[in-house]
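Enquirer: Below are the structure tokens for one structure; questions will follow.
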Amino acid sequence: MIPENVKKILYEGDKKIATRVAYGEKIAELGETNKDIVVLDCDLSKSTMTSIFAKKFPDRFFNFGIAEANMMSVAAGLAAMGKIPFASTFAVFASKRACDQVSISVAYPRLNVKICATHAGISIGEDGATHQAIEDVSIMRSIPNIVVISPADATETRKAIDKIVEYDGPCYLRLCRGSAPIIFNESYDFEIGRGVKLTEGDKATIVSAGFTTHIAFEAAKKLEEEGIEVDLINMASIKPIDEEMIVDSAKRTGLVITVEDHNIIGGLGSAVCEVLSSKYPTRVIRLGVKDKFGSSGSPEELISAYGFDCGSIIETVKSNI
Amino acid sequence: MDEVRKKELTEMAKKLRIDILEMLCEAGSGHSGGSLSMADVFSYLYFSGILNVDPKNPDKKDRDRVVLSKGHACPVWYAALAEKGYFDKSHLKKLRKYGSILQGHPDMRKTPGVDMTTGSLGQGLSCAVGMAIGAKLDNLGCKIFAIVGDGECNEGQIWEAAMAAAHYKLDNLIAIVDKNGLQIDGFTKDVMNTEPLAEKWRAFGWEVIEIDGHNFDQIDSAIGRAIETKGKPVCIIAHTTKGKGVYFMENVCDWHGKAPSKEEKEKALASLCGEGAE
């Protein structure tokens with residue numbers, strides 16, 4: 001069931017918006033008051049939506065062409081001069097093409113760079129495996145000093161951006177291409193290191209982050225209709241993760257199912273397993289991309305084929321409780 | 001440049017070379033050749049008065065920045081920073097040791113005076129591009145110096161950065177390429193030929209000045225010209241000798257990533273005083 005305090009922060013309506021769009025609009029808004037914000041892109045500004053900022057603040061927008069490695073180190077240099085650079089490109093390039101630059105230029109010296117990567121996961125659809133980031137959370141999470149945030153909807157994206165601007169240090173914001181239903185209203189408060197429970201129940205714990213949260217939310221509501229009540233935790237803050245919330249829930253339910261649009265190796269599922277294996281050993285079933293490359297197809301087809309659609313989540317809960 | 005000043009800079013370069021040999025010997029590992037090849041340039045940068053820096057206020061906002069893109073040559077930088085007074089010279093003996101402020105490659109969070117963390121080749125010049133843009137945004141009026149290796153020019157990222165620096169007309173950025181002609185596996189021309197190097201930088205939109213990197217008159221006039229240049233970044237290609245000053249290290253590939261033993265150090269120090277040259 002949805003707790004009363006959660007009902008207050010839930011959005012009522014059927015508006016859908018992609019997190020990358022919320023990102024583009026939010027930084028363009030912040031640019032008005034925060035003059036230290038500069039935005040960098042690699043010839044993808046119309047897709048990452050940094051074009052909104054570029055149009056409004058052309059003097060603080062820098063396009064580096066199709067050269068992600070350079071952009072990431074340039075961002076480090078800008079941060080060293082006291083700027084707050086938002087470096088945007090697709091998640092595949094931010095995490096893999098520019099991995100060494102993220103690690104050595106940005107993370108090791110703890111420079112205040114906000115890496116805002118869009119088009120994460122197989123849910124980008126038709127472009128296929130070359131453009132589907134399924135390892136980015138794993139890569140970013142294993143680099144010391146980086147905060148990793150995967151917001152579920154437009155509201156959480158905007159709230160998370162407020163927090164990462166306040167936070168002095170490198171952050172990775174994982175954003176998605178496709179429109180997703182808005183989950184939270186404006187009264188929702190995002191905190192780095194804190195999860196939020198969308199439904200409560202003692203049959204199982206579902207932990208989700210990013211694009212999959214609205215799918216998991218739908219699954220939790222359908223399960224409730226059948227009398228199966230679960231804890232659904234939206235864990236946008238993958239690093240640092242909300243250990244207490246995971247452990248407390250696992251203690252009550254005894255079964256944890258993770259859902260993510262990412263390889264089940266190294267992502268949210270692994271992060272949850274790391275917490276539970278040391279704090280409260282519990283059975284964990286990881287739904288997501290099962291260690292294989294993505295494919296072309298519509299987002300819906302792919303999510304279903306890769307086994308983390310609403311039906312798969314419901315089935316997994318039912319057959320394991 | 002007047003003779004008195006030239007003599008002072010020559011003496012300082014010799015001091016830096018002595019510091020380099022002493023600290024590398026003590027550390028038991030590190031990069032001798034590419035540190036020695038840059039001793040004259042670093043003597044000039046830190047002791048000619050050209051850099052707007054203050055060791056008592058290492059974080060002042062409008063300071064000139066130095067980025068050692070060829071980070072492995074940090075012994076020459078550490079020596080210059082210590083001689084300049086950024087930290088006590090006793091730290092040089094702790095190079096590469098656990099807990100030291102002097103890491104194996106430059107670490108801006110540990111070493112006063114180090115403006116950027118580097119070590120993975122190719123990245124420092126990009127960082128310097130970011131610093132140059134940042135300096136222009138805030139009208140700081142400062143200069144950004146990036147020291148790049150000629151072997152490092154194998155890295156694609158150097159050319160991405162070169163493209164971007166010219167695109168954004170970063171005339172506050174001065175790259176100094178230490179063209180010592182050697183890299184780990186051999187002569188640069190054999191491992192991966194970067195020639196024609198000056199033409200490459202020119203083609204990427206930079207003003208290029210070629211000098212003898214051990215000649216203070218030439219270093220002085222090149223940097224003077226670079227500071228005057230408007231509308232584009234400047235690349236000073238400093239032709240140098242790897243291992244400069246130590247006859248048995250000069251132009252010997254093996255001394256790229258090797259530290260001298262105690263005996264070798266004594267021989268090297270004698271060589272700096274003009275003894276033993278063949």
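Going through the structure tokens in order, the chains are called A, B, and so on, while each chain numbers its residues from 1 and the ligands are numbered from 1 in the order shown.
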From a backbone DSSP assignment, name each residue in range 10-251 of chain A labelled strand (DSSP E), as a count of residues only.
Expert: 46
Enquirer: Would you kindly report the residues of chain B within 10 Å of chain A, using only C-alpha atoms, as number ranges by chain?
Expert: B: 61-62, 65, 67, 107-110, 115-120, 122-135, 137-138, 156-165, 167-168
Enquirer: Do you know which residues are at most 9 Å from Ser45 in chain A counting only C-alpha atoms, after dropping those on the same chain fewer than 6 positions away, and could you put them as a PyMOL selection string?
Expert: chain A and resi 51-52+54+63+88-89
Enquirer: If you count only C-alpha atoms, which residues fall within 12 Å of Arg252 in chain A, apart from same-chain ones fewer than 6 positions away, as a PyMOL selection string?
Expert: chain A and resi 200-205+230-231+245-246+280+282
Enquirer: Using only C-alpha atoms, which of the listed residues (A:Glu243, A:Asp261, A:Glu186, A:Asp309) sits closest to Ser277 in chain A?
Expert: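 Using only C-alpha atoms, the shortest distance to Ser277 in chain A belongs to A:Glu243.
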Enquirer: Using only C-alpha atoms, pick whichever of A:Lys7, A:Lys279, A:His262, A:Lys114 has the shortest atom-to-atom distance to Ala250 in chain A.
Expert: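 Checking each of A:Lys7, A:Lys279, A:His262, A:Lys114 against Ala250 in chain A, counting only C-alpha atoms, the winner is A:Lys279.
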Enquirer: Would you kindly return, as a PyMOL selection string, each protein, DNA or RNA residue with an atom no farther than 10 Å from any atom of Gly13 in chain A, considering only C-alpha atoms and excluding same-chain residues fewer than 2 positions away?
Expert: chain A and resi 10-11+15-16+181-183+185
Enquirer: What's around Met23 in chain B at 7 Å? Count only C-alpha atoms, leave out sequence neighbours fewer than 5 positions away in its own chain, and write the answer as a PyMOL selection string.
Expert: chain B and resi 92-93+95
Enquirer: Save the residues we just selected, N, CA, C and O atoms, as a PDB file, in the first residue's frame?
Expert:
ATOM      1  N   LEU B  92      61.530  16.626  -0.476  1.00  0.00           N
ATOM      2  CA  LEU B  92      62.052  15.992  -1.695  1.00  0.00           C
ATOM      3  C   LEU B  92      62.570  14.581  -1.403  1.00  0.00           C
ATOM      4  O   LEU B  92      62.506  13.696  -2.253  1.00  0.00           O
ATOM      5  N   LYS B  93      63.069  14.397  -0.189  1.00  0.00           N
ATOM      6  CA  LYS B  93      63.598  13.073   0.188  1.00  0.00           C
ATOM      7  C   LYS B  93      62.480  12.038   0.333  1.00  0.00           C
ATOM      8  O   LYS B  93      62.744  10.849   0.454  1.00  0.00           O
ATOM      9  N   LEU B  95      59.909  11.740  -1.811  1.00  0.00           N
ATOM     10  CA  LEU B  95      59.263  11.496  -3.100  1.00  0.00           C
ATOM     11  C   LEU B  95      58.865  10.023  -3.231  1.00  0.00           C
ATOM     12  O   LEU B  95      59.668   9.134  -2.936  1.00  0.00           O
TER      13      LEU B  95
END
Enquirer: Neighbours of range 214-227 of chain B within 8 Å (only C-alpha atoms; same-chain residues fewer than 2 positions away dropped), as a list of chain:residue names?
Expert: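 Once the nearby chain positions are removed, what remains is B:Met1, B:Lys6, B:Leu9, B:Asp40, B:Val41, B:Tyr44, B:Asp171, B:Asn172, B:Ile174, B:Ile209, B:Ile211, B:Asp212, B:Thr229, B:Val234, B:Ile236, B:His239, B:Thr240.
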Enquirer: Keeping only C-alpha atoms, take the residues you just selected and write them out as a PDB file, in the first residue's frame.
Expert:
ATOM      1  CA  MET B   1      68.744  38.572 -21.532  1.00  0.00           C
ATOM      2  CA  LYS B   6      71.347  34.154 -17.372  1.00  0.00           C
ATOM      3  CA  LEU B   9      69.037  30.849 -14.146  1.00  0.00           C
ATOM      4  CA  ASP B  40      66.185  24.851 -17.882  1.00  0.00           C
ATOM      5  CA  VAL B  41      62.577  25.564 -18.836  1.00  0.00           C
ATOM      6  CA  TYR B  44      63.155  30.009 -16.386  1.00  0.00           C
ATOM      7  CA  ASP B 171      45.724  33.081 -26.461  1.00  0.00           C
ATOM      8  CA  ASN B 172      46.247  32.760 -22.713  1.00  0.00           C
ATOM      9  CA  ILE B 174      51.033  28.352 -23.885  1.00  0.00           C
ATOM     10  CA  ILE B 209      57.912  28.765 -32.034  1.00  0.00           C
ATOM     11  CA  ILE B 211      63.730  26.820 -29.781  1.00  0.00           C
ATOM     12  CA  ASP B 212      66.685  25.164 -28.132  1.00  0.00           C
ATOM     13  CA  THR B 229      50.457  36.619 -29.319  1.00  0.00           C
ATOM     14  CA  VAL B 234      51.050  29.230 -28.777  1.00  0.00           C
ATOM     15  CA  ILE B 236      56.750  26.360 -28.067  1.00  0.00           C
ATOM     16  CA  HIS B 239      64.301  20.916 -28.644  1.00  0.00           C
ATOM     17  CA  THR B 240      65.980  19.283 -25.683  1.00  0.00           C
TER      18      THR B 240
END
Enquirer: Please measure the separation of CA of Gly125 in chain A and CA of Pro240 in chain A, giving the value in Å to one decimal.
Expert: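 Rounded to one decimal, the two atoms are 29.0 Å apart.
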Enquirer: Report as a ChimeraX atom specification: the residues of range 80-213 of chain B with a DSSP assignment of helix (DSSP H, G or I), based on the backbone of this structure.
Expert: /B:80-84,89-94,123-137,152-154,156-167,188-191,197-203
Enquirer: Name the closest residue to Ile285 in chain A among the candidates A:His214, A:Lys222, A:Gly128, A:Ile206; distances are taken between atoms, counting only C-alpha atoms.
Expert: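 Residue with the minimum atom-to-atom distance to Ile285 in chain A: A:Ile206.
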Enquirer: For CA of Ala219 in chain A and CA of Gly311 in chain A, quote the distance in Å rounded to one decimal.
Expert: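 Going from CA of Ala219 in chain A over to CA of Gly311 in chain A, I get 7.2 Å.
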